[in-house]
file entry_7.txt (compact mmCIF, C-alpha atoms)
# COMPACT_ATOMS: atom_id res chain seq x y z
CA MET A 1 80.05 237.50 172.47
CA ASP A 2 76.88 239.41 172.78
CA GLU A 3 74.25 236.96 171.60
CA LYS A 4 72.23 236.12 174.63
CA LEU A 5 69.99 233.13 174.12
CA THR A 6 67.07 232.92 176.48
CA ILE A 7 65.92 229.51 175.40
CA PRO A 8 67.08 226.04 176.19
CA LEU A 9 68.73 224.70 173.07
CA THR A 10 68.20 221.21 171.80
CA PRO A 11 71.25 220.55 169.64
CA GLU A 12 70.32 216.91 169.26
CA LYS A 13 67.36 217.86 167.11
CA THR A 14 69.21 218.61 163.92
CA PRO A 15 66.88 219.61 161.13
CA ALA A 16 67.26 217.33 158.16
CA LYS A 17 69.14 219.97 156.15
CA MET A 18 65.83 221.11 154.72
CA ARG A 19 66.82 224.74 154.26
CA SER A 20 68.77 225.27 151.06
CA GLU A 21 71.86 227.50 151.09
CA GLU A 22 69.86 229.99 149.01
CA ASP A 23 67.02 230.14 151.57
CA LYS A 24 69.47 230.53 154.43
CA LYS A 25 71.20 233.40 152.64
CA LEU A 26 67.90 235.20 152.12
CA LEU A 27 66.83 234.77 155.75
CA ILE A 28 70.19 236.03 157.01
CA GLN A 29 69.99 239.00 154.65
CA ARG A 30 66.61 239.94 156.08
CA LEU A 31 67.92 239.59 159.62
CA LYS A 32 70.94 241.75 158.82
CA ARG A 33 68.55 244.41 157.65
CA VAL A 34 66.59 244.05 160.92
CA GLU A 35 69.85 244.39 162.84
CA GLY A 36 70.58 247.64 161.01
CA GLN A 37 67.10 248.92 161.77
CA VAL A 38 67.55 248.18 165.48
CA ARG A 39 70.80 250.17 165.39
CA GLY A 40 68.90 252.95 163.63
CA ILE A 41 66.39 253.07 166.49
CA GLN A 42 69.22 253.37 169.01
CA LYS A 43 70.51 256.36 167.04
CA MET A 44 67.04 257.92 166.94
CA ILE A 45 66.84 257.71 170.74
CA GLU A 46 70.37 259.07 171.10
CA GLU A 47 69.39 262.05 168.93
CA ASP A 48 66.13 262.74 170.82
CA ARG A 49 64.00 262.12 167.78
CA TYR A 50 60.23 262.48 167.91
CA CYS A 51 58.74 259.54 169.86
CA VAL A 52 56.06 258.75 167.28
CA ASP A 53 58.69 258.43 164.55
CA ILE A 54 60.66 256.03 166.76
CA LEU A 55 57.52 254.01 167.46
CA VAL A 56 56.75 253.75 163.75
CA GLN A 57 60.23 252.37 163.24
CA VAL A 58 59.85 249.88 166.14
CA SER A 59 56.60 248.70 164.50
CA ALA A 60 58.41 248.27 161.17
CA VAL A 61 61.09 246.10 162.79
CA ASN A 62 58.46 243.98 164.54
CA ALA A 63 56.63 243.46 161.27
CA ALA A 64 59.88 242.46 159.53
CA LEU A 65 60.69 239.95 162.28
CA LYS A 66 57.17 238.54 162.10
CA LYS A 67 57.70 237.90 158.39
CA VAL A 68 60.93 236.04 159.13
CA GLY A 69 59.01 234.06 161.74
CA TYR A 70 56.26 233.09 159.29
CA THR A 71 58.88 231.89 156.82
CA LEU A 72 60.50 229.73 159.50
CA LEU A 73 57.08 228.41 160.55
CA GLU A 74 56.24 227.44 157.00
CA ASP A 75 59.63 225.77 156.44
CA HIS A 76 59.16 223.85 159.67
CA THR A 77 55.67 222.66 158.77
CA ARG A 78 56.68 221.61 155.26
CA GLY A 79 59.85 219.96 156.52
CA CYS A 80 59.96 218.56 160.05
CA VAL A 81 56.21 218.32 160.69
CA THR A 82 55.49 216.68 157.33
CA ASN A 83 58.30 214.16 157.84
CA ALA A 84 57.16 213.32 161.35
CA VAL A 85 53.56 212.79 160.19
CA LYS A 86 54.69 210.53 157.37
CA GLN A 87 56.66 208.43 159.86
CA GLY A 88 53.62 208.16 162.10
CA GLU A 89 55.18 210.40 164.72
CA GLY A 90 53.09 213.49 164.09
CA GLU A 91 51.53 213.71 167.56
CA GLU A 92 54.45 215.19 169.49
CA THR A 93 55.64 217.40 166.62
CA ILE A 94 52.17 218.90 166.27
CA ASN A 95 52.01 219.54 170.04
CA GLU A 96 55.27 221.44 169.74
CA LEU A 97 54.07 223.28 166.62
CA MET A 98 50.90 224.48 168.35
CA LYS A 99 52.85 225.73 171.34
CA VAL A 100 55.29 227.70 169.22
CA ILE A 101 52.48 229.19 167.10
CA GLN A 102 50.77 230.51 170.23
CA GLN A 103 54.01 231.91 171.63
CA PHE A 104 54.90 233.54 168.34
CA SER A 105 51.39 234.97 167.73
CA LYS A 106 51.35 236.66 171.11
CA SER A 107 54.83 238.17 170.71
CA MET B 1 75.76 253.29 157.00
CA ASP B 2 73.48 250.42 157.52
CA GLU B 3 70.52 251.95 159.29
CA LYS B 4 67.73 251.91 156.79
CA LEU B 5 64.81 254.04 157.85
CA THR B 6 61.56 253.25 156.15
CA ILE B 7 59.65 256.17 157.56
CA PRO B 8 59.49 259.79 156.65
CA LEU B 9 61.24 261.71 159.36
CA THR B 10 59.97 264.91 160.82
CA PRO B 11 63.04 266.55 162.28
CA GLU B 12 61.11 269.72 162.98
CA LYS B 13 59.14 267.97 165.69
CA THR B 14 61.81 267.94 168.36
CA PRO B 15 60.55 266.42 171.57
CA ALA B 16 60.87 268.81 174.46
CA LYS B 17 63.87 266.92 175.93
CA MET B 18 61.48 264.87 177.99
CA ARG B 19 63.60 261.76 178.10
CA SER B 20 66.28 261.95 180.75
CA GLU B 21 69.82 260.81 179.97
CA GLU B 22 69.20 257.90 182.35
CA ASP B 23 66.06 256.78 180.49
CA LYS B 24 67.82 257.05 177.15
CA LYS B 25 70.69 254.94 178.39
CA LEU B 26 68.33 252.22 179.58
CA LEU B 27 66.41 252.16 176.30
CA ILE B 28 69.62 251.97 174.28
CA GLN B 29 70.89 249.16 176.51
CA ARG B 30 67.73 247.17 175.85
CA LEU B 31 68.05 247.79 172.12
CA LYS B 32 71.69 246.70 172.14
CA ARG B 33 70.56 243.45 173.72
CA VAL B 34 67.92 243.08 170.99
CA GLU B 35 70.60 243.71 168.37
CA GLY B 36 72.71 240.91 169.89
CA GLN B 37 69.71 238.57 169.88
CA VAL B 38 69.07 239.30 166.19
CA ARG B 39 72.71 238.43 165.48
CA GLY B 40 72.22 235.26 167.52
CA ILE B 41 69.29 234.26 165.29
CA GLN B 42 71.44 234.76 162.19
CA LYS B 43 73.98 232.40 163.69
CA MET B 44 71.30 229.84 164.52
CA ILE B 45 70.20 229.84 160.87
CA GLU B 46 73.81 229.62 159.69
CA GLU B 47 74.32 226.57 161.91
CA ASP B 48 71.09 224.83 160.76
CA ARG B 49 69.63 224.87 164.23
CA TYR B 50 66.22 223.35 164.93
CA CYS B 51 63.49 225.60 163.48
CA VAL B 52 61.34 225.62 166.62
CA ASP B 53 64.28 226.85 168.69
CA ILE B 54 64.86 229.65 166.20
CA LEU B 55 61.17 230.56 166.29
CA VAL B 56 61.21 230.71 170.09
CA GLN B 57 64.11 233.13 169.85
CA VAL B 58 62.33 235.26 167.21
CA SER B 59 59.33 235.44 169.57
CA ALA B 60 61.60 236.53 172.43
CA VAL B 61 63.04 239.37 170.32
CA ASN B 62 59.58 240.49 169.27
CA ALA B 63 58.45 240.54 172.89
CA ALA B 64 61.53 242.56 173.90
CA LEU B 65 60.89 245.09 171.12
CA LYS B 66 57.24 245.35 172.13
CA LYS B 67 58.35 246.26 175.65
CA VAL B 68 60.61 249.00 174.28
CA GLY B 69 57.62 250.19 172.24
CA TYR B 70 55.34 250.35 175.28
CA THR B 71 57.94 252.38 177.15
CA LEU B 72 58.16 254.84 174.25
CA LEU B 73 54.36 254.99 174.04
CA GLU B 74 54.07 255.79 177.72
CA ASP B 75 56.80 258.45 177.56
CA HIS B 76 55.07 260.00 174.59
CA THR B 77 51.67 260.08 176.31
CA ARG B 78 53.06 261.52 179.53
CA GLY B 79 55.17 264.05 177.63
CA CYS B 80 54.07 265.26 174.24
CA VAL B 81 50.38 264.30 174.47
CA THR B 82 49.95 265.75 177.96
CA ASN B 83 51.64 269.01 176.91
CA ALA B 84 49.54 269.32 173.77
CA VAL B 85 46.32 268.73 175.73
CA LYS B 86 47.29 271.36 178.30
CA GLN B 87 47.91 273.86 175.51
CA GLY B 88 44.48 273.10 174.03
CA GLU B 89 46.06 271.33 171.05
CA GLY B 90 45.22 267.79 172.02
CA GLU B 91 43.07 266.97 168.99
CA GLU B 92 45.80 266.41 166.40
CA THR B 93 48.22 264.78 168.85
CA ILE B 94 45.56 262.28 169.92
CA ASN B 95 44.78 261.48 166.26
CA GLU B 96 48.44 260.71 165.75
CA LEU B 97 48.62 258.70 168.99
CA MET B 98 45.66 256.53 167.98
CA LYS B 99 47.18 255.83 164.59
CA VAL B 100 50.53 254.81 166.03
CA ILE B 101 48.88 252.59 168.68
CA GLN B 102 47.02 250.68 165.95
CA GLN B 103 50.12 250.32 163.81
CA PHE B 104 52.19 249.17 166.76
CA SER B 105 49.54 246.74 168.10
CA LYS B 106 49.26 245.00 164.76
CA SER B 107 53.02 244.67 164.30
CA MET C 1 18.35 235.41 160.58
CA ASP C 2 21.12 237.57 161.85
CA GLU C 3 24.23 235.58 161.29
CA LYS C 4 26.12 237.40 158.60
CA LEU C 5 28.92 235.39 157.09
CA THR C 6 31.59 237.40 155.42
CA ILE C 7 33.49 234.50 153.96
CA PRO C 8 32.96 232.40 150.91
CA LEU C 9 31.85 228.99 152.06
CA THR C 10 33.15 225.77 150.62
CA PRO C 11 30.48 223.24 151.52
CA GLU C 12 32.14 220.62 149.35
CA LYS C 13 35.02 220.39 151.80
CA THR C 14 33.33 218.40 154.49
CA PRO C 15 35.66 217.59 157.34
CA ALA C 16 35.96 213.89 157.85
CA LYS C 17 33.83 213.97 161.01
CA MET C 18 36.94 214.44 163.04
CA ARG C 19 35.35 216.47 165.80
CA SER C 20 33.58 214.26 168.33
CA GLU C 21 30.13 215.23 169.59
CA GLU C 22 31.75 215.92 172.96
CA ASP C 23 34.30 218.34 171.46
CA LYS C 24 31.60 220.13 169.46
CA LYS C 25 29.49 220.55 172.58
CA LEU C 26 32.41 222.08 174.48
CA LEU C 27 33.25 224.49 171.65
CA ILE C 28 29.62 225.59 171.34
CA GLN C 29 29.43 226.08 175.10
CA ARG C 30 32.45 228.39 174.99
CA LEU C 31 30.94 230.32 172.09
CA LYS C 32 27.63 230.70 173.91
CA ARG C 33 29.55 232.23 176.78
CA VAL C 34 31.27 234.61 174.33
CA GLU C 35 27.85 235.52 172.92
CA GLY C 36 26.65 236.38 176.42
CA GLN C 37 29.76 238.49 177.03
CA VAL C 38 29.16 240.43 173.79
CA ARG C 39 25.61 241.12 174.97
CA GLY C 40 27.06 242.22 178.30
CA ILE C 41 29.26 244.76 176.51
CA GLN C 42 26.23 246.15 174.69
CA LYS C 43 24.54 246.65 178.04
CA MET C 44 27.64 248.34 179.47
CA ILE C 45 27.58 250.85 176.60
CA GLU C 46 23.84 251.36 177.00
CA GLU C 47 24.38 252.14 180.69
CA ASP C 48 27.28 254.57 180.05
CA ARG C 49 29.73 252.45 181.99
CA TYR C 50 33.35 253.53 182.44
CA CYS C 51 35.22 253.11 179.13
CA VAL C 52 38.21 251.30 180.64
CA ASP C 53 35.91 248.68 182.18
CA ILE C 54 34.27 248.14 178.79
CA LEU C 55 37.69 247.83 177.14
CA VAL C 56 38.79 245.23 179.70
CA GLN C 57 35.69 243.26 178.85
CA VAL C 58 36.32 243.57 175.08
CA SER C 59 39.85 242.25 175.69
CA ALA C 60 38.45 239.30 177.65
CA VAL C 61 36.11 238.39 174.79
CA ASN C 62 38.95 238.63 172.26
CA ALA C 63 41.09 236.37 174.41
CA ALA C 64 38.26 233.84 174.74
CA LEU C 65 37.72 233.82 170.97
CA LYS C 66 41.44 233.39 170.38
CA LYS C 67 41.35 230.29 172.58
CA VAL C 68 38.51 228.86 170.53
CA GLY C 69 40.55 229.64 167.43
CA TYR C 70 43.63 227.81 168.74
CA THR C 71 41.51 224.76 169.51
CA LEU C 72 40.12 224.79 165.96
CA LEU C 73 43.63 225.25 164.56
CA GLU C 74 44.92 222.29 166.51
CA ASP C 75 41.98 220.08 165.50
CA HIS C 76 42.55 221.07 161.89
CA THR C 77 46.27 220.29 162.00
CA ARG C 78 45.77 216.94 163.72
CA GLY C 79 42.88 216.04 161.42
CA CYS C 80 42.76 217.47 157.91
CA VAL C 81 46.43 218.47 157.57
CA THR C 82 47.73 215.16 158.92
CA ASN C 83 45.43 213.21 156.59
CA ALA C 84 46.43 215.26 153.56
CA VAL C 85 50.13 214.80 154.32
CA LYS C 86 49.69 211.04 154.70
CA GLN C 87 47.97 210.91 151.31
CA GLY C 88 50.81 212.86 149.76
CA GLU C 89 48.64 215.93 149.30
CA GLY C 90 50.14 218.06 152.02
CA GLU C 91 51.35 220.90 149.79
CA GLU C 92 48.05 222.68 149.20
CA THR C 93 46.70 222.03 152.70
CA ILE C 94 49.83 223.51 154.26
CA ASN C 95 49.55 226.58 152.00
CA GLU C 96 46.03 227.07 153.27
CA LEU C 97 47.09 226.44 156.88
CA MET C 98 49.83 229.08 156.70
CA LYS C 99 47.43 231.64 155.25
CA VAL C 100 44.82 231.07 157.94
CA ILE C 101 47.45 231.20 160.72
CA GLN C 102 48.61 234.61 159.50
CA GLN C 103 45.06 235.93 159.19
CA PHE C 104 44.14 234.62 162.63
CA SER C 105 47.32 235.89 164.32
CA LYS C 106 46.77 239.40 163.05
CA SER C 107 43.09 239.51 164.09
CA MET D 1 20.95 236.50 182.93
CA ASP D 2 23.66 235.39 180.64
CA GLU D 3 26.11 238.22 180.67
CA LYS D 4 29.06 237.00 182.64
CA LEU D 5 31.40 239.79 183.60
CA THR D 6 34.87 238.72 184.52
CA ILE D 7 36.06 242.11 185.63
CA PRO D 8 35.61 244.08 188.78
CA LEU D 9 33.26 246.92 188.03
CA THR D 10 33.77 250.43 189.24
CA PRO D 11 30.31 251.94 189.08
CA GLU D 12 31.46 255.02 190.92
CA LYS D 13 33.53 256.09 187.92
CA THR D 14 30.70 257.39 185.77
CA PRO D 15 31.96 258.73 182.49
CA ALA D 16 30.98 262.32 182.02
CA LYS D 17 28.32 261.42 179.44
CA MET D 18 30.85 261.88 176.72
CA ARG D 19 29.36 259.38 174.33
CA SER D 20 26.47 260.83 172.35
CA GLU D 21 23.31 258.78 171.85
CA GLU D 22 24.26 258.51 168.18
CA ASP D 23 27.72 257.06 168.98
CA LYS D 24 26.22 254.61 171.46
CA LYS D 25 23.72 253.42 168.88
CA LEU D 26 26.47 252.80 166.33
CA LEU D 27 28.63 250.88 168.81
CA ILE D 28 25.68 248.73 169.89
CA GLN D 29 24.81 248.05 166.25
CA ARG D 30 28.34 246.82 165.60
CA LEU D 31 28.23 244.63 168.70
CA LYS D 32 24.86 243.17 167.65
CA ARG D 33 26.46 242.21 164.38
CA VAL D 34 29.35 240.58 166.28
CA GLU D 35 26.81 238.70 168.40
CA GLY D 36 25.18 237.38 165.23
CA GLN D 37 28.56 236.33 163.86
CA VAL D 38 29.35 234.42 167.06
CA ARG D 39 26.01 232.61 166.70
CA GLY D 40 26.96 231.90 163.09
CA ILE D 41 30.18 230.23 164.23
CA GLN D 42 28.23 228.03 166.64
CA LYS D 43 26.06 226.91 163.73
CA MET D 44 29.13 226.21 161.58
CA ILE D 45 30.50 223.92 164.30
CA GLU D 46 27.11 222.25 164.73
CA GLU D 47 27.03 221.55 160.99
CA ASP D 48 30.61 220.17 160.86
CA ARG D 49 31.76 222.86 158.50
CA TYR D 50 35.34 222.95 157.20
CA CYS D 51 37.69 224.06 160.02
CA VAL D 52 39.52 226.66 157.93
CA ASP D 53 36.23 228.37 157.05
CA ILE D 54 35.33 228.50 160.73
CA LEU D 55 38.76 229.91 161.59
CA VAL D 56 38.38 232.62 158.93
CA GLN D 57 35.10 233.58 160.54
CA VAL D 58 36.63 233.60 164.06
CA SER D 59 39.35 235.94 162.70
CA ALA D 60 36.67 238.21 161.22
CA VAL D 61 34.88 238.47 164.57
CA ASN D 62 38.14 239.22 166.38
CA ALA D 63 38.94 241.96 163.89
CA ALA D 64 35.45 243.46 164.31
CA LEU D 65 35.82 243.45 168.09
CA LYS D 66 39.26 245.05 167.83
CA LYS D 67 37.70 247.89 165.82
CA VAL D 68 35.09 248.42 168.53
CA GLY D 69 37.93 248.43 171.06
CA TYR D 70 39.90 251.08 169.15
CA THR D 71 36.81 253.28 169.00
CA LEU D 72 36.35 252.96 172.76
CA LEU D 73 40.05 253.67 173.31
CA GLU D 74 39.89 256.80 171.22
CA ASP D 75 36.70 258.04 172.95
CA HIS D 76 38.34 257.41 176.30
CA THR D 77 41.52 259.30 175.39
CA ARG D 78 39.62 262.25 173.93
CA GLY D 79 37.20 262.30 176.86
CA CYS D 80 38.32 261.04 180.25
CA VAL D 81 42.08 261.25 179.71
CA THR D 82 41.95 264.74 178.21
CA ASN D 83 39.75 265.97 181.08
CA ALA D 84 41.99 264.44 183.71
CA VAL D 85 45.09 266.02 182.16
CA LYS D 86 43.42 269.42 182.02
CA GLN D 87 42.55 269.13 185.71
CA GLY D 88 46.15 268.25 186.53
CA GLU D 89 45.20 264.66 187.35
CA GLY D 90 46.64 263.01 184.28
CA GLU D 91 49.14 260.77 186.07
CA GLU D 92 46.80 258.06 187.33
CA THR D 93 44.56 258.12 184.27
CA ILE D 94 47.56 257.63 181.98
CA ASN D 95 48.77 254.71 184.14
CA GLU D 96 45.38 253.10 183.68
CA LEU D 97 45.35 253.89 179.95
CA MET D 98 48.74 252.24 179.40
CA LYS D 99 47.66 249.13 181.26
CA VAL D 100 44.47 248.75 179.26
CA ILE D 101 46.31 249.34 175.95
CA GLN D 102 48.72 246.50 176.75
CA GLN D 103 45.93 244.17 177.81
CA PHE D 104 43.89 244.99 174.73
CA SER D 105 46.84 244.72 172.31
CA LYS D 106 47.71 241.25 173.54
CA SER D 107 44.13 239.98 173.35

call {"tool": "encode", "arguments": {"input": "entry_7.txt", "output": "structure tokens"}}
result
Amino acid sequence: MDEKLTIPLTPEKTPAKMRSEEDKKLLIQRLKRVEGQVRGIQKMIEEDRYCVDILVQVSAVNAALKKVGYTLLEDHTRGCVTNAVKQGEGEETINELMKVIQQFSKS
Amino acid sequence: MDEKLTIPLTPEKTPAKMRSEEDKKLLIQRLKRVEGQVRGIQKMIEEDRYCVDILVQVSAVNAALKKVGYTLLEDHTRGCVTNAVKQGEGEETINELMKVIQQFSKS
Amino acid sequence: MDEKLTIPLTPEKTPAKMRSEEDKKLLIQRLKRVEGQVRGIQKMIEEDRYCVDILVQVSAVNAALKKVGYTLLEDHTRGCVTNAVKQGEGEETINELMKVIQQFSKS
Amino acid sequence: MDEKLTIPLTPEKTPAKMRSEEDKKLLIQRLKRVEGQVRGIQKMIEEDRYCVDILVQVSAVNAALKKVGYTLLEDHTRGCVTNAVKQGEGEETINELMKVIQQFSKS
């Protein structure tokens, strides 16, 4: 198994099934495309392709991942954050939201 | 073939074999790890994992790709740009370098 | 008057006085410091200082402004967004929030 | 004196007068505009303006400063870096360039 997760997981925090099967399919499709692009970059390096062309491709993958990230961020704010606020438990969820926005923005 | 390249390729610009086999191997290793992480994110979405955890992982992949990008940028500056400058043809290469730095920084 | 605002203003949207006088004072203090740093950069250019030193200083100012931005973002989420969600009007406010996060992250 | 410099200065590294008086004037003009914008943001906070409007303005200032930074980066690469490479002393200058690009990109 080659997935290497560098984050502590919190399985107890199950999202309230807010992502529809349709949305999940679309996100996974976009990530499969990203996966293919990352393999493409490996091939470019293998074949000694021009560095600037490789860098352009790395930038394209980053931009695609950022888009996936913004979609997840929006889902999270509309779903979990909104629910927590409505139940009067917004404080902690917003702390967490702010932290992840900063981490994501800098990446 | 699933690599989808969104950039025009310029096969005529072959880099002067400046990347050693060792360097190439290391870069490809890092990209294989990124590929595994992207697959891991797909699985997280499949399994309805907590959005913030997924976002942390997306940020980690972005950061890893940025590092690969900086390595490529440095190789390019030490190799191609330095050679072009020495041959009195720095102008165009530096134009290209500046453009790719901006594109990469914003990604 | 030299402030040049490049954004359309919406004076009708008065924030519900959510920033305390203390918070406002601290934010303005940080911005006055940024203002002084920007003047410092002008002087560095005037005096033909080493470009890398100027760039380091530009990066420091950007980082300081980003911090101010994150503070504003957090205030906004805790204040306006939370209020809108509680009143069942979260939809539009979250749209706006997502747009401003993207714009800010890319700046 | 209100300029507060947070970086160690290296006055001995005088740039070889590569910036023309015209270029310097343009850079200073842009920075004066940034200075005015930062003052404008202070006034917006003073007047309790809508947080999103303030954030849009903070993003605009960041973007303007980034542009100034890219101009400085380009001048530096065309000037100092090119000269160093021609004199066979590119190594150290490129190290420094890469470091400042990373710092600037993350800011």

call {"tool": "interface_residues", "arguments": {"input": "entry_7.txt", "of": "chain C", "to": "chain B", "cutoff": "10 Å", "atoms": "all atoms listed in the file", "output": "VMD selection string"}}
result
chain C and resid 105 to 107

call {"tool": "residues_around", "arguments": {"input": "entry_7.txt", "residues": "Lys99 of chain B", "least_positions_apart": "2", "cutoff": "12 Å", "atoms": "only C-alpha atoms", "output": "PyMOL selection string"}}
result
(chain A and resi 52-53+55-56+59) or (chain B and resi 73+92-97+101-106) or (chain D and resi 70-71+73-74)

call {"tool": "atom_distance", "arguments": {"input": "entry_7.txt", "atom1": "atom CA of Arg39 of chain A", "atom2": "atom CA of Lys32 of chain B"}}
result
7.6 Å

call {"tool": "atom_distance", "arguments": {"input": "entry_7.txt", "atom1": "atom CA of Val85 of chain B", "atom2": "atom CA of Lys43 of chain A"}}
result
28.5 Å

call {"tool": "atom_distance", "arguments": {"input": "entry_7.txt", "atom1": "atom CA of Val81 of chain C", "atom2": "atom CA of Gly88 of chain A"}}
result
13.4 Å

call {"tool": "closest_residue", "arguments": {"input": "entry_7.txt", "among": "C:Tyr50, C:Leu72, C:Ala84, C:Glu89", "to": "Leu26 of chain C", "atoms": "only C-alpha atoms"}}
result
C:Leu72

call {"tool": "axis_aligned_box", "arguments": {"input": "entry_7.txt", "around": "segment 22-40 of chain A", "padding_each_side": "8 Å", "output": "AutoDock Vina command-line options"}}
result
--center_x 68.9 --center_y 241.5 --center_z 157.2 --size_x 20.6 --size_y 39.0 --size_z 32.5
